[in-house]
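Okay, so here's the structure we're looking at.
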Amino acid sequence: MRQLESVSIRDRIAIMDDGSMCPITNMLDEFGDECEPDECVCIIVHESQDRWIVYELDQMEFVTAH
């Protein structure tokens with residue numbers, strides 16, 4: 001299974017460890033409601049045709065923002 005390598009919230013893209021890019025389909029706030037990028041604590045990534053994965057952003061190391 002591919003692992004999440006990095007995220008571009010602005011572009012709504014998740015980059016996996018094999019270099020593939022998957023769309024972020026939903027961004028959720030701390031209450032589980034759809035939100036804007038600045039309130040996002042969790043993302044749902046469409047990894048393959050029949051697979052969506054939920055990632056909690058507080059589990060990722062923040063590196064840089066552009």
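Lettering and numbering for the structure tokens are positional, with chains as A, B, ... in the shown order, residues counted from 1 in each chain, and ligands counted from 1 in the shown order.
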
Practice task
For Met16 of chain A, work out the shell of residues within 6 Å, counting only C-alpha atoms and skipping chain neighbours fewer than 3 positions away, then give it as an MDAnalysis selection string.
Solution key: chainID A and resid 3:5 19:20

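Of the listed residues (A:Ile15, A:Cys35, A:Cys22, A:Ile9), A:Cys22 comes nearest to Gln49 of chain A; the distances count only C-alpha atoms.
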
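Reported to one decimal place, the separation of atom CA of Asp18 of chain A from atom CA of Gly32 of chain A is 29.0 Å.
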
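The nearest approach to Pro37 of chain A among the residues A:Met60, A:Tyr55, A:Arg10, A:Ile24, with only C-alpha atoms taken into account, belongs to A:Arg10.
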
Practice task
Could you give me the residues within chain A that DSSP places in strand (DSSP E), as a PyMOL selection string?
Solution key: chain A and resi 4-8+13-16+21-28+42-48+51-56

Selection above as a file: C-alpha atoms, as a compact mmCIF listing (two decimals), in the first residue's frame:
```txt
# COMPACT_ATOMS: atom_id res chain seq x y z
CA LEU A 4 1.31 9.59 2.09
CA GLU A 5 4.48 11.62 1.50
CA SER A 6 3.27 15.22 1.35
CA VAL A 7 0.15 17.35 0.96
CA SER A 8 -0.71 20.54 -0.90
CA ILE A 13 -3.32 17.18 -3.95
CA ALA A 14 -1.78 14.39 -1.87
CA ILE A 15 1.58 13.10 -3.07
CA MET A 16 2.26 9.48 -2.32
CA MET A 21 -0.61 12.42 -7.01
CA CYS A 22 -4.09 11.79 -5.63
CA PRO A 23 -6.90 14.33 -5.28
CA ILE A 24 -8.01 15.54 -1.87
CA THR A 25 -11.78 15.14 -2.14
CA ASN A 26 -12.78 16.58 1.24
CA MET A 27 -11.31 18.75 3.97
CA LEU A 28 -12.77 18.47 7.46
CA CYS A 42 -8.29 16.09 8.35
CA ILE A 43 -8.31 15.25 4.64
CA ILE A 44 -9.96 12.52 2.58
CA VAL A 45 -7.81 11.36 -0.32
CA HIS A 46 -9.12 9.43 -3.34
CA GLU A 47 -6.25 6.99 -3.70
CA SER A 48 -7.69 4.64 -6.32
CA ARG A 51 -10.38 3.51 -2.23
CA TRP A 52 -10.55 6.68 -0.14
CA ILE A 53 -8.22 7.22 2.81
CA VAL A 54 -8.60 9.59 5.76
CA TYR A 55 -5.48 11.36 7.04
CA GLU A 56 -5.23 13.45 10.18
```

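When DSSP is run on the backbone, the residues of chain A that fall into helix (DSSP H, G or I) are Pro37, Asp38, Glu39, Leu57, Asp58 and Gln59 of chain A.
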
Could you save those same residues with N, CA and C atoms as a PDB file, in the first residue's frame?
```
ATOM      1  N   PRO A  37      -9.525  25.484   3.675  1.00  0.00           N
ATOM      2  CA  PRO A  37      -8.176  24.979   3.992  1.00  0.00           C
ATOM      3  C   PRO A  37      -7.590  25.473   5.314  1.00  0.00           C
ATOM      4  N   ASP A  38      -7.869  26.708   5.705  1.00  0.00           N
ATOM      5  CA  ASP A  38      -7.267  27.240   6.936  1.00  0.00           C
ATOM      6  C   ASP A  38      -7.838  26.605   8.206  1.00  0.00           C
ATOM      7  N   GLU A  39      -8.971  25.907   8.109  1.00  0.00           N
ATOM      8  CA  GLU A  39      -9.575  25.241   9.264  1.00  0.00           C
ATOM      9  C   GLU A  39      -9.377  23.723   9.224  1.00  0.00           C
ATOM     10  N   LEU A  57      -4.098  15.552   9.758  1.00  0.00           N
ATOM     11  CA  LEU A  57      -2.932  16.381   9.452  1.00  0.00           C
ATOM     12  C   LEU A  57      -2.017  16.591  10.652  1.00  0.00           C
ATOM     13  N   ASP A  58      -2.535  16.471  11.870  1.00  0.00           N
ATOM     14  CA  ASP A  58      -1.664  16.643  13.035  1.00  0.00           C
ATOM     15  C   ASP A  58      -0.675  15.490  13.176  1.00  0.00           C
ATOM     16  N   GLN A  59      -0.846  14.429  12.403  1.00  0.00           N
ATOM     17  CA  GLN A  59       0.086  13.311  12.401  1.00  0.00           C
ATOM     18  C   GLN A  59       1.251  13.539  11.440  1.00  0.00           C
TER      19      GLN A  59
END
```
